[in-house]
Structures are given as C-alpha cells and as structure tokens.
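Text of protein-v4.txt (compact mmCIF, C-alpha atoms and all ligand atoms) as supplied:
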# COMPACT_ATOMS: atom_id res chain seq x y z
CA MET A 485 5.95 -20.50 -13.73
CA ASN A 486 2.29 -19.60 -13.40
CA PRO A 487 1.57 -18.63 -9.73
CA SER A 488 -1.86 -20.24 -9.86
CA GLU A 489 -0.14 -23.62 -10.16
CA LYS A 490 1.13 -23.15 -6.63
CA ARG A 491 -2.27 -23.14 -4.98
CA PRO A 492 -2.85 -25.93 -2.47
CA ALA A 493 -4.54 -28.81 -4.24
CA ASP A 494 -6.71 -29.80 -1.30
CA ARG A 495 -9.40 -27.16 -1.02
CA LYS A 496 -10.72 -27.81 2.45
CA LEU A 497 -14.31 -26.71 2.90
CA SER A 498 -14.60 -24.14 5.66
CA ASP A 499 -17.16 -24.35 8.46
CA ARG A 500 -19.49 -21.49 7.56
CA SER A 501 -22.51 -22.44 9.66
CA GLY A 502 -24.44 -19.36 10.75
CA LEU A 503 -22.38 -17.11 8.49
CA PHE A 504 -23.27 -15.19 5.34
CA PHE A 505 -20.88 -14.54 2.50
CA ARG A 506 -20.89 -10.93 1.26
CA GLN A 507 -18.78 -9.11 -1.27
CA ASP A 508 -18.44 -5.47 -2.41
CA TYR A 509 -20.39 -4.28 0.62
CA PHE A 510 -18.54 -1.02 1.44
CA ASP A 511 -21.33 1.13 -0.11
CA ASP A 512 -23.73 -0.22 2.51
CA PRO A 513 -23.32 2.09 5.56
CA ALA A 514 -23.86 -0.83 7.98
CA GLY A 515 -21.28 -2.91 6.12
CA TRP A 516 -18.79 -0.02 6.10
CA LEU A 517 -19.25 0.41 9.86
CA ALA A 518 -18.82 -3.35 10.34
CA ILE A 519 -15.44 -3.48 8.52
CA LYS A 520 -14.22 -0.38 10.41
CA THR A 521 -15.14 -2.12 13.67
CA LEU A 522 -13.35 -5.33 12.61
CA LEU A 523 -10.17 -3.38 11.83
CA ILE A 524 -10.24 -1.60 15.19
CA ASP A 525 -10.92 -4.86 17.05
CA ILE A 526 -8.20 -6.89 15.29
CA PHE A 527 -5.50 -4.37 14.30
CA ASN A 528 -6.36 -1.36 16.49
CA VAL A 529 -6.38 0.68 13.27
CA ASP A 530 -9.03 3.34 12.79
CA ILE A 531 -9.69 4.19 9.13
CA SER A 532 -12.39 6.78 9.93
CA ALA A 533 -10.18 9.47 8.35
CA LEU A 534 -11.30 7.99 5.02
CA ASP A 535 -14.81 9.33 5.68
CA GLY A 536 -13.43 12.86 5.47
CA LEU A 537 -11.70 11.97 2.20
CA GLY A 538 -14.84 10.83 0.40
CA GLY A 539 -15.10 7.32 1.85
CA HIS A 540 -13.64 4.02 0.76
CA ASP A 541 -11.56 3.38 -2.33
CA ARG A 542 -14.10 2.81 -5.16
CA THR A 543 -11.78 0.26 -6.74
CA SER A 544 -12.02 -2.00 -3.65
CA PHE A 545 -13.48 -5.48 -4.02
CA PRO A 546 -13.80 -6.96 -0.53
CA SER A 547 -14.97 -10.50 0.24
CA ALA A 548 -16.23 -11.31 3.72
CA TYR A 549 -18.28 -13.42 6.11
CA PHE A 550 -20.89 -11.78 8.33
CA ASP A 551 -22.87 -13.28 11.20
CA GLY A 552 -26.65 -13.02 11.63
CA ASP A 553 -26.26 -9.86 13.74
CA GLY A 554 -24.46 -8.00 10.95
CA ARG A 555 -21.00 -8.33 12.49
CA CYS A 556 -18.15 -8.72 10.05
CA ILE A 557 -16.46 -11.99 11.11
CA ALA A 558 -13.81 -12.32 8.40
CA ASN A 559 -12.66 -10.08 5.57
CA LEU A 560 -10.10 -9.76 2.81
CA SER A 561 -10.11 -6.65 0.59
CA ALA A 562 -8.37 -6.02 -2.71
CA PHE A 563 -8.07 -2.71 -4.52
CA SER A 564 -6.53 -1.45 -7.72
CA MET A 565 -2.91 -0.35 -7.40
CA PRO A 566 -1.16 -0.05 -10.77
CA LEU A 567 2.59 -0.36 -10.33
CA MET A 568 5.52 0.95 -12.33
CA ILE A 569 8.09 -1.87 -12.42
CA ASP A 570 11.28 -1.54 -14.45
CA GLY A 571 9.75 1.05 -16.77
CA ARG A 572 6.45 -0.73 -17.40
CA VAL A 573 3.05 -0.04 -15.83
CA ILE A 574 1.62 -3.29 -14.45
CA LYS A 575 -2.06 -3.86 -13.69
CA ALA A 576 -1.81 -4.77 -10.02
CA ALA A 577 -3.93 -5.07 -6.89
CA GLY A 578 -3.12 -4.51 -3.26
CA TRP A 579 -4.59 -6.82 -0.64
CA GLN A 580 -5.44 -5.44 2.77
CA SER A 581 -7.67 -5.79 5.82
CA GLY A 582 -7.27 -9.58 6.00
CA ALA A 583 -8.64 -10.72 9.36
CA VAL A 584 -10.82 -13.29 11.10
CA ARG A 585 -12.35 -12.75 14.54
CA PRO A 586 -10.56 -14.94 17.15
CA GLU A 587 -13.59 -17.10 17.97
CA TYR A 588 -13.95 -18.08 14.29
CA ARG A 589 -10.30 -18.91 13.53
CA GLY A 590 -9.01 -22.32 12.45
CA ARG A 591 -12.15 -23.17 10.42
CA GLY A 592 -10.68 -22.37 7.02
CA LEU A 593 -12.45 -19.02 6.59
CA TYR A 594 -9.32 -17.10 5.68
CA GLN A 595 -8.12 -19.73 3.23
CA ASP A 596 -11.56 -19.45 1.61
CA LEU A 597 -11.26 -15.68 1.31
CA ILE A 598 -7.75 -15.97 -0.17
CA ARG A 599 -8.99 -18.37 -2.85
CA ILE A 600 -12.05 -16.25 -3.63
CA THR A 601 -9.98 -13.06 -3.87
CA LEU A 602 -7.38 -14.77 -6.07
CA ASP A 603 -10.15 -15.83 -8.44
CA ARG A 604 -11.54 -12.29 -8.47
CA CYS A 605 -8.10 -10.88 -9.28
CA GLU A 606 -7.71 -13.38 -12.12
CA GLU A 607 -11.16 -12.47 -13.51
CA ARG A 608 -10.01 -8.85 -13.66
CA GLY A 609 -6.84 -9.77 -15.54
CA LEU A 610 -4.55 -8.44 -12.82
CA GLU A 611 -0.89 -9.19 -13.48
CA ALA A 612 0.37 -8.78 -9.93
CA ILE A 613 -0.86 -8.73 -6.34
CA VAL A 614 1.04 -7.11 -3.49
CA LEU A 615 0.50 -7.16 0.27
CA TYR A 616 2.17 -6.52 3.62
CA THR A 617 2.13 -9.23 6.25
CA ASP A 618 3.80 -10.45 9.41
CA LYS A 619 2.73 -13.99 8.43
CA PRO A 620 4.31 -14.69 5.03
CA GLY A 621 3.68 -18.42 5.55
CA LEU A 622 -0.02 -17.77 4.97
CA TYR A 623 0.63 -16.60 1.43
CA THR A 624 3.62 -18.56 0.10
CA PRO A 625 1.45 -21.64 -0.66
CA HIS A 626 -0.59 -19.35 -2.93
CA GLY A 627 2.38 -18.24 -5.03
CA PHE A 628 3.37 -15.04 -3.17
CA ARG A 629 7.09 -14.26 -2.70
CA ILE A 630 8.77 -11.81 -0.37
CA LEU A 631 10.11 -8.76 -2.20
CA PRO A 632 12.85 -7.42 0.12
CA GLN A 633 12.56 -3.73 0.85
CA TYR A 634 15.56 -1.38 0.94
CA SER A 635 16.27 2.22 1.76
CA PHE A 636 18.92 4.41 0.16
CA LYS A 637 21.46 6.55 2.06
CA GLY A 638 24.06 9.00 0.91
CA PRO A 639 25.62 12.44 1.23
CA THR A 640 23.68 15.65 0.88
CA PRO A 641 23.97 16.78 -2.75
CA ALA A 642 25.71 20.07 -3.54
CA ILE A 643 23.38 22.97 -4.27
CA SER A 644 23.96 25.46 -7.06
CA GLY A 645 22.05 28.56 -8.19
CA THR A 646 19.46 30.55 -6.30
CA PRO A 647 16.78 28.31 -4.80
CA ARG A 648 13.07 29.09 -5.17
CA PRO A 649 11.58 28.28 -1.76
CA ALA A 650 8.94 25.59 -1.38
CA ARG A 651 5.82 26.20 0.72
CA LEU A 652 4.33 23.93 3.34
CA LEU A 653 0.94 22.37 2.56
CA ASP A 654 -1.74 21.34 5.01
CA ILE A 655 -3.51 18.02 4.41
CA ASN A 656 -6.93 19.49 5.25
CA ARG A 657 -6.65 22.97 3.76
CA ASP A 658 -4.84 21.89 0.58
CA LEU A 659 -6.76 18.68 -0.10
CA ASP A 660 -7.96 19.70 -3.60
CA LEU A 661 -4.45 20.66 -4.65
CA LEU A 662 -3.06 17.36 -3.32
CA ARG A 663 -5.73 15.40 -5.18
CA LYS A 664 -4.80 17.18 -8.41
CA LEU A 665 -1.09 16.51 -7.94
CA LEU A 666 -1.84 12.83 -7.24
CA ALA A 667 -4.09 12.56 -10.31
CA ASP A 668 -1.34 13.93 -12.57
CA ARG A 669 1.53 12.17 -10.86
CA MET A 670 4.55 10.67 -12.53
CA PRO A 671 5.73 7.55 -10.64
CA VAL A 672 8.49 8.61 -8.23
CA SER A 673 10.71 5.82 -9.61
CA SER A 674 10.78 3.94 -12.89
CA ARG A 675 12.16 0.88 -11.04
CA PHE A 676 9.34 0.36 -8.55
CA ALA A 677 6.56 2.72 -7.49
CA VAL A 678 2.81 3.10 -7.44
CA ALA A 679 1.63 4.44 -10.78
CA ASP A 680 -1.82 5.52 -9.58
CA GLN A 681 -3.05 5.24 -6.02
CA ARG A 682 -4.45 8.39 -4.50
CA LEU A 683 -6.48 7.54 -1.45
CA MET A 684 -3.74 5.66 0.40
CA PHE A 685 -1.42 8.66 0.10
CA LEU A 686 -4.06 10.96 1.59
CA LEU A 687 -4.93 8.51 4.37
CA ASN A 688 -1.24 8.05 5.21
CA CYS A 689 -0.89 11.84 5.54
CA HIS A 690 -3.18 11.39 8.56
CA LEU A 691 -1.63 8.14 9.85
CA ILE A 692 2.14 8.78 9.50
CA GLU A 693 3.49 11.12 12.15
CA ASP A 694 5.97 13.98 11.82
CA ILE A 695 5.84 14.33 8.04
CA SER A 696 5.88 17.63 6.17
CA LEU A 697 4.37 18.25 2.75
CA SER A 698 6.22 20.91 0.75
CA LEU A 699 5.06 22.22 -2.62
CA LEU A 700 7.83 23.26 -4.99
CA ALA A 701 7.65 26.85 -6.26
CA ASP A 702 6.51 25.82 -9.76
CA GLY A 703 3.53 24.03 -8.16
CA GLU A 704 4.30 20.82 -10.03
CA ALA A 705 5.39 18.49 -7.22
CA VAL A 706 4.82 17.99 -3.52
CA VAL A 707 7.64 16.48 -1.49
CA VAL A 708 6.87 14.37 1.60
CA TRP A 709 9.73 14.49 4.07
CA ARG A 710 10.95 14.66 7.67
CA MET A 711 14.19 15.07 9.63
CA THR A 712 15.42 12.07 11.62
CA ASP A 713 16.80 12.29 15.18
CA ASN A 714 20.36 12.15 13.85
CA GLY A 715 19.89 15.12 11.51
CA ALA A 716 19.31 13.20 8.28
CA PHE A 717 16.80 14.36 5.70
CA GLN A 718 14.35 11.54 4.99
CA LEU A 719 12.43 11.59 1.72
CA LEU A 720 9.21 9.55 1.83
CA ASP A 721 7.63 10.37 -1.53
CA ILE A 722 7.14 12.91 -4.31
CA ALA A 723 3.77 13.39 -6.00
CA GLY A 724 3.41 15.50 -9.10
CA SER A 725 3.85 15.75 -12.84
CA ARG A 726 7.65 15.90 -12.59
CA ILE A 727 10.23 14.44 -10.24
CA PRO A 728 12.79 17.06 -9.14
CA SER A 729 16.40 16.15 -8.40
CA LEU A 730 17.40 15.68 -4.79
CA ALA A 731 19.61 18.81 -5.01
CA GLU A 732 16.62 20.89 -6.15
CA ILE A 733 14.52 19.55 -3.27
CA ILE A 734 17.12 20.27 -0.59
CA ALA A 735 17.65 23.78 -1.98
CA ALA A 736 13.91 24.50 -2.13
CA LEU A 737 13.45 23.38 1.48
CA GLY A 738 16.30 25.64 2.63
CA ILE A 739 17.84 22.95 4.86
CA ALA A 740 21.39 21.68 5.33
CA PRO A 741 21.03 18.08 6.53
CA ALA A 742 23.96 15.94 7.66
CA SER A 743 22.95 13.20 5.20
CA VAL A 744 20.03 11.95 3.14
CA GLU A 745 17.91 8.81 3.28
CA THR A 746 15.21 8.00 0.74
CA LEU A 747 12.38 5.54 1.23
CA VAL A 748 11.80 5.43 -2.52
CA PRO A 749 14.18 4.11 -5.20
CA PRO A 750 16.43 7.03 -6.19
CA ASP A 751 16.69 6.52 -9.97
CA ARG A 752 14.90 9.80 -10.80
CA LEU A 753 16.68 11.89 -8.15
CA SER A 754 20.11 12.40 -9.84
CA TRP A 755 21.89 11.10 -6.74
CA GLU A 756 24.14 8.09 -6.07
CA PRO A 757 23.36 6.54 -2.66
CA THR A 758 24.27 3.30 -0.88
CA VAL A 759 21.66 0.56 -0.70
CA ILE A 760 20.58 -0.38 2.84
CA GLU A 761 18.69 -3.58 3.63
CA GLY A 762 15.30 -2.93 5.21
CA SER A 763 14.56 -3.93 8.79
CA GLY A 764 10.77 -3.57 8.90
CA SER A 765 8.70 -6.05 10.90
CA GLU A 766 6.31 -6.68 8.01
CA ALA A 767 7.19 -8.52 4.82
CA PHE A 768 6.20 -7.03 1.48
CA MET A 769 5.02 -9.85 -0.79
CA MET A 770 4.21 -10.02 -4.47
CA ARG A 771 2.51 -12.62 -6.62
CA ALA A 772 3.29 -12.30 -10.30
CA ARG A 773 5.08 -14.04 -13.13
CA ASP A 774 8.81 -14.27 -12.37
CA GLU A 775 9.73 -11.80 -15.12
CA LEU A 776 7.59 -9.06 -13.54
CA PHE A 777 9.65 -8.97 -10.34
CA PRO A 778 11.94 -5.89 -10.24
CA SER A 779 15.52 -6.50 -11.32
CA GLY A 780 17.31 -4.39 -8.66
CA PRO A 781 16.89 -3.34 -5.01
CA THR A 782 13.62 -1.48 -4.56
CA CYS A 783 11.13 -0.33 -2.00
CA ILE A 784 7.67 1.12 -1.97
CA SER A 785 7.02 4.54 -0.48
CA PRO A 786 5.56 4.57 3.06
CA MET A 787 2.92 6.92 1.60
CA ALA A 788 1.66 3.99 -0.49
CA GLU A 789 1.58 1.59 2.47
CA PHE A 790 -1.76 -0.09 2.96
C1 LIG A 801 -4.27 -15.08 10.17
C2 LIG A 801 -5.77 -15.28 10.25
C3 LIG A 801 -6.43 -14.36 9.22
C4 LIG A 801 -6.09 -16.73 9.93
O1 LIG A 801 -7.49 -16.90 9.91
P1 LIG A 801 -8.16 -18.35 10.02
O2 LIG A 801 -9.55 -18.24 9.53
O3 LIG A 801 -7.93 -18.92 11.36
O4 LIG A 801 -7.33 -19.15 8.96
P2 LIG A 801 -7.81 -20.49 8.26
O5 LIG A 801 -8.52 -21.35 9.26
O6 LIG A 801 -8.50 -20.21 6.98
O7 LIG A 801 -6.46 -21.09 7.80
C5 LIG A 801 -5.61 -21.44 8.67
C6 LIG A 801 -4.51 -22.00 7.81
O8 LIG A 801 -3.50 -21.01 7.74
C7 LIG A 801 -2.40 -21.48 8.47
N1 LIG A 801 -1.93 -20.37 9.30
C8 LIG A 801 -2.57 -19.72 10.27
N2 LIG A 801 -1.76 -18.80 10.82
C9 LIG A 801 -0.61 -18.89 10.14
C10 LIG A 801 0.64 -18.21 10.23
N3 LIG A 801 0.86 -17.27 11.14
N4 LIG A 801 1.61 -18.57 9.37
C11 LIG A 801 1.41 -19.54 8.46
N5 LIG A 801 0.27 -20.21 8.35
C12 LIG A 801 -0.72 -19.90 9.18
C13 LIG A 801 -2.93 -22.58 9.35
O9 LIG A 801 -1.90 -23.49 9.65
C14 LIG A 801 -3.97 -23.21 8.48
O10 LIG A 801 -3.36 -24.02 7.48
P3 LIG A 801 -4.12 -25.33 6.91
O11 LIG A 801 -5.32 -24.83 6.17
O12 LIG A 801 -3.10 -25.96 6.02
O13 LIG A 801 -4.48 -26.13 8.10
C15 LIG A 801 -6.32 -14.94 11.66
O14 LIG A 801 -5.58 -15.67 12.59
C16 LIG A 801 -6.23 -13.47 12.02
O15 LIG A 801 -7.15 -12.70 11.75
N6 LIG A 801 -5.12 -13.05 12.66
C17 LIG A 801 -4.93 -11.67 13.07
C18 LIG A 801 -4.83 -10.73 11.87
C19 LIG A 801 -3.81 -11.19 10.87
O16 LIG A 801 -2.70 -11.57 11.20
N7 LIG A 801 -4.20 -11.10 9.58
C20 LIG A 801 -3.35 -11.47 8.46
C21 LIG A 801 -2.67 -10.23 8.12
S1 LIG A 801 -1.80 -10.34 6.61
Would you kindly transcribe this structure into structure tokens?
Ligand SMILES: CC(C)(COP(=O)(O)OP(=O)(O)OC[C@H]1O[C@@H](n2cnc3c(N)ncnc32)[C@H](O)[C@@H]1OP(=O)(O)O)[C@@H](O)C(=O)NCCC(=O)NCCS
Amino acid sequence: MNPSEKRPADRKLSDRSGLFFRQDYFDDPAGWLAIKTLLIDIFNVDISALDGLGGHDRTSFPSAYFDGDGRCIANLSAFSMPLMIDGRVIKAAGWQSGAVRPEYRGRGLYQDLIRITLDRCEERGLEAIVLYTDKPGLYTPHGFRILPQYSFKGPTPAISGTPRPARLLDINRDLDLLRKLLADRMPVSSRFAVADQRLMFLLNCHLIEDISLSLLADGEAVVVWRMTDNGAFQLLDIAGSRIPSLAEIIAALGIAPASVETLVPPDRLSWEPTVIEGSGSEAFMMRARDELFPSGPTCISPMAEF
C-alpha cells in the first residue's frame, strides 16, 4: 500500500487571514528566535543549547505561519534522519516541533502544514518519516502507524580477561571528539537505529539528566549510560566506529550491576535479553511502505529522541 493513498480526500482550506506562510526560515535570526519562543510557549522546551552547538540542524526544512508582528503562529519541521532498518539504510526524515498557538487552533493550519511537509518529503524522495506524538490520531489519517517501542532486560554478562578502563567524557570539553565519533558512527543496531544524526545526540546530552558518557580505551566508541534506582545498568546508546559487546562495556566501566537494561536493540551486543514492552507516554510513529517496517521488536535510542 502506498501511504499517500491514505491522505484525507477533502482538503479543507485553512483560515489564513492575517498570516504569512514561511519555510526554511531558521537561518533568519528573527525567525530562529520566533520558533524557539513558540517551543517554550507550547511545550516548555528550551532548545537554546543548540546555539552553543553551532545552531539548528542544516538539514531541517520547516514550514510555518507567522503573523504580521513576526510571531511564529504554527510550525512543523522535518529534518534528515537516515535509519538502519533490518540491515538496510533508509532515507528517512524526522518530524518535530509541530505546534499551533492556542488562539489559532481549529482553523486547519496544522492539517495544512502536515500536507505541505508530506509533499516536501515526497519531493526529496524520502522513504520513511518518523515522529513522536501524544496525539497519534492526528497522523493516522495521513498513513502513519505506531511502531511499538521496547526495552531489553537481562543478566549482567560474565567478564573475562583484564579490562582496559574507560574514561568519562564531558559534553562541553570533549565536544570535538564526540562530533568525530558521531560522524564515523556505526549504527548501534542493525535492526533499528539512526544511521546518521549528530545534532540530536549532542542536544540530548544537555536535555537528558543523569547520563554518563564513557570513552572506551581504544577511543573508538563512547557509551551513554546510567545506573537506575534498583541497581541496574541502563545502556542508552553507543556512538563510534565499532559496537563493543555488553561484557566489554561492563568490564571497561568497572561496575558490577545487579542486571542490565538496554534502550537500544541488543543485536550487536552479544547478549540474550528478555523483551519488555515500552510504557512511554508518547507514541513513536512511522510512515513508510509496509515492507520497510522492522520485522522484530525494536526501539530507538533516547539519545536520538527529537
Ligand atoms: C495539535 C495541534 C497542532 C492542532 O492544531 P490545529 O491547527 O488546531 O489543527 P487543525 O485545525 O489543522 O486540525 C485539526 C484537525 O485535527 C484533529 N485533531 C486535533 N487534535 C487532535 C487530537 N488530539 N487527536 C486527533 N485529532 C485531532 C481535529 O479533529 C481536526 O480534524 P478535522 O480537520 O477532520 O476537523 C494544536 O492543538 C497544538 O499545537 N497542540 C499542542 C501541541 C501539540 O500537541 N502538537 C502536536 C504534537 S505531535
């Protein structure tokens, strides 16, 4: 089935009086400030940390309505996010920052932006679109489907040999090194993972609390992890040119956790866990041909969340 066949046939015209359509406006400092203000006002999310990381994602293609005073009234952004799915790299986009100011809701503005952004994704030949939402009903009429998210739990693997200790990195001090590791990264899973998305990882280092970044002794991979309240080791992501086994990671960190939980599919970790159904409040949705959907239980790293 072609997802575009699922679009609502009746394309209601939105009430745009007094509004101006703008796209690809993040390079304009006033536009960039306007979208940051919209995201604080609607989601209470401050993306100012991006300014310290070189600014917005250059692959972004936002579509928006502004009012005469330069306020961003409605926005939907897409950005490039190639995905590894079942061993194949898929040309995909992530959608984010979808919002309409309360006083302008119910006029069809968001439906407009969805249709425009879908067309822009099709023009670019994108094979898949992914997004997070607490309102999946907004997207199902446009061919999106929920892709259930799982985590993976199991015993701590046995350690053999003499470990070479990892060293802790600092997101600010070690930014160049992190950028290099992200540029050369091998997807953390061959089942489902981002193949190339750097900025979101760096932004999430600022947004996600209590995480540690540990560089393995050979300098080829950084492990993102934390300990949970019940003494489990939680693995959030690995970025680098090789993916070490879970046993190597535990040994390098010099820890002895009660158990292990991974928030990435474990197929490259040489470890046999149990699959746990996710309980997150947001749905992860994907729009793609049926055959592109992953064949087994998967999840996407919290470091790729957008
Ligand atoms: C969700 C939101 C973007 C909708 O904006 P809007 O401009 O009022 O939406 P539109 O007028 O274009 O479209 C409304 C349509 O979506 C439907 N809709 C609205 N909220 C919905 C929801 N929670 N679930 C399913 N459908 C919904 C409406 O029924 C309407 O359908 P219709 O066109 O068949 O009548 C806006 O309410 C908002 O910014 N909310 C807060 C932020 C948010 O939740 N963003 C989406 C994050 S993924």
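Close contacts of Gln580 of chain A, defined as residues with an atom at most 9 Å away when counting only C-alpha atoms, with chain neighbours fewer than 4 positions off set aside, comprise A:Leu560, A:Ser561, A:Ala562, A:Phe563, A:Leu615, A:Tyr616, A:Phe790.
Nearest to ligand LIG 801 (chain A) of all the residues A:Leu666, A:Leu537, A:Ile524, A:Leu686 is A:Ile524, counting only C-alpha atoms and all ligand atoms.
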TODO: Give the residue list for ligand LIG 801 (chain A) at 8 Å, counting all atoms listed in the file, as a PyMOL selection string, sorted by chain and then by residue number.
DONE: chain A and resi 496+498+526-527+558+580-586+588-597+615-623
Those same residues, written as a compact mmCIF listing (two decimals), in the frame of the given file with C-alpha atoms?
# COMPACT_ATOMS: atom_id res chain seq x y z
CA LYS A 496 -10.72 -27.81 2.45
CA SER A 498 -14.60 -24.14 5.66
CA ILE A 526 -8.20 -6.89 15.29
CA PHE A 527 -5.50 -4.37 14.30
CA ALA A 558 -13.81 -12.32 8.40
CA GLN A 580 -5.44 -5.44 2.77
CA SER A 581 -7.67 -5.79 5.82
CA GLY A 582 -7.27 -9.58 6.00
CA ALA A 583 -8.64 -10.72 9.36
CA VAL A 584 -10.82 -13.29 11.10
CA ARG A 585 -12.35 -12.75 14.54
CA PRO A 586 -10.56 -14.94 17.15
CA TYR A 588 -13.95 -18.08 14.29
CA ARG A 589 -10.30 -18.91 13.53
CA GLY A 590 -9.01 -22.32 12.45
CA ARG A 591 -12.15 -23.17 10.42
CA GLY A 592 -10.68 -22.37 7.02
CA LEU A 593 -12.45 -19.02 6.59
CA TYR A 594 -9.32 -17.10 5.68
CA GLN A 595 -8.12 -19.73 3.23
CA ASP A 596 -11.56 -19.45 1.61
CA LEU A 597 -11.26 -15.68 1.31
CA LEU A 615 0.50 -7.16 0.27
CA TYR A 616 2.17 -6.52 3.62
CA THR A 617 2.13 -9.23 6.25
CA ASP A 618 3.80 -10.45 9.41
CA LYS A 619 2.73 -13.99 8.43
CA PRO A 620 4.31 -14.69 5.03
CA GLY A 621 3.68 -18.42 5.55
CA LEU A 622 -0.02 -17.77 4.97
CA TYR A 623 0.63 -16.60 1.43
Task: Which of A:Pro749, A:Pro625, A:Gly645, A:Gly764 sits closest to Ala731 of chain A [using all atoms listed in the file] - done: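 For Ala731 of chain A, the nearest of the given residues is A:Gly645.
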TODO: Check the smallest atom-to-atom distance from each of A:His626, A:His540, A:Arg599, A:Arg651 to Leu683 of chain A using only C-alpha atoms, then report the winner.
DONE: A:His540
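All protein, DNA and RNA residues at most 12 Å from (-5.1, 14.2, -8.0) are Asp658, Leu659, Asp660, Leu661, Leu662, Arg663, Lys664, Leu665, Leu666, Ala667, Asp668, Arg669, Met670, Asp680, Gln681, Arg682, Leu683, Phe685, Leu686, Glu704, Ala705, Val706, Ala723, Gly724 and Ser725 of chain A, using only C-alpha atoms.
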Open item on the list: If I take atom CA of Ala642 of chain A and atom CA of Pro728 of chain A, how far is one from the other in Å, to one decimal?
Closed with: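 Between atom CA of Ala642 of chain A and atom CA of Pro728 of chain A the gap is 14.4 Å.
Considering the residues A:Cys689, A:Trp709, A:Asp721, A:Ser501 and counting all atoms listed in the file, Pro671 of chain A has its shortest atom-to-atom contact with A:Asp721.
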TODO: Select, counting all atoms listed in the file, all protein, DNA and RNA residues no farther than 8 Å from (10.7, 30.6, -8.5) in file coordinates, and express the selection as an NGL selection string.
DONE: :A and (647-649 or 701-702)
Export C-alpha atoms of the chosen residues as a PDB file, in the frame of the given file?
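Output file part_34.pdb follows:
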ATOM      1  CA  PRO A 647      16.780  28.310  -4.800  1.00  0.00           C
ATOM      2  CA  ARG A 648      13.070  29.090  -5.170  1.00  0.00           C
ATOM      3  CA  PRO A 649      11.580  28.280  -1.760  1.00  0.00           C
ATOM      4  CA  ALA A 701       7.650  26.850  -6.260  1.00  0.00           C
ATOM      5  CA  ASP A 702       6.510  25.820  -9.760  1.00  0.00           C
TER       6      ASP A 702
END
Open item on the list: List as JSON, numbers by chain the protein and nucleic acid residues near Arg604 of chain A, meaning an atom at most 10 Å away when all atoms listed in the file are counted, but skip any in the same chain fewer than 5 places from it.
Closed with: {"A": [545, 546, 547, 562, 598, 599, 609, 610]}
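When all atoms listed in the file are used to compute distances to Ile784 of chain A, the closest of the residues A:Trp755, A:Trp516, A:Phe628, A:Phe768 turns out to be A:Phe768.
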- [ ] In Å, rounded to a single decimal, give me how far atom CA of Lys575 of chain A is from atom CA of Arg506 of chain A.
- [x]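 According to the coordinates, atom CA of Arg506 of chain A and atom CA of Lys575 of chain A are separated by 25.1 Å.
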- [ ] For each of A:Asn528, A:Thr521, A:Ser785, A:Ser729, take the minimum atom-to-atom distance to Asn688 of chain A, counting all atoms listed in the file, then give the residue where this is smallest.
- [x] A:Ser785
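Across the structure, atom CA of Thr712 of chain A and atom CA of Gly780 of chain A are spaced 26.2 Å apart.
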Task: Near-Ile630 of chain A list (9 Å; only C-alpha atoms; drop same-chain fewer than 6 positions) as an MDAnalysis selection string - done: chainID A and resid 620 624 767:771
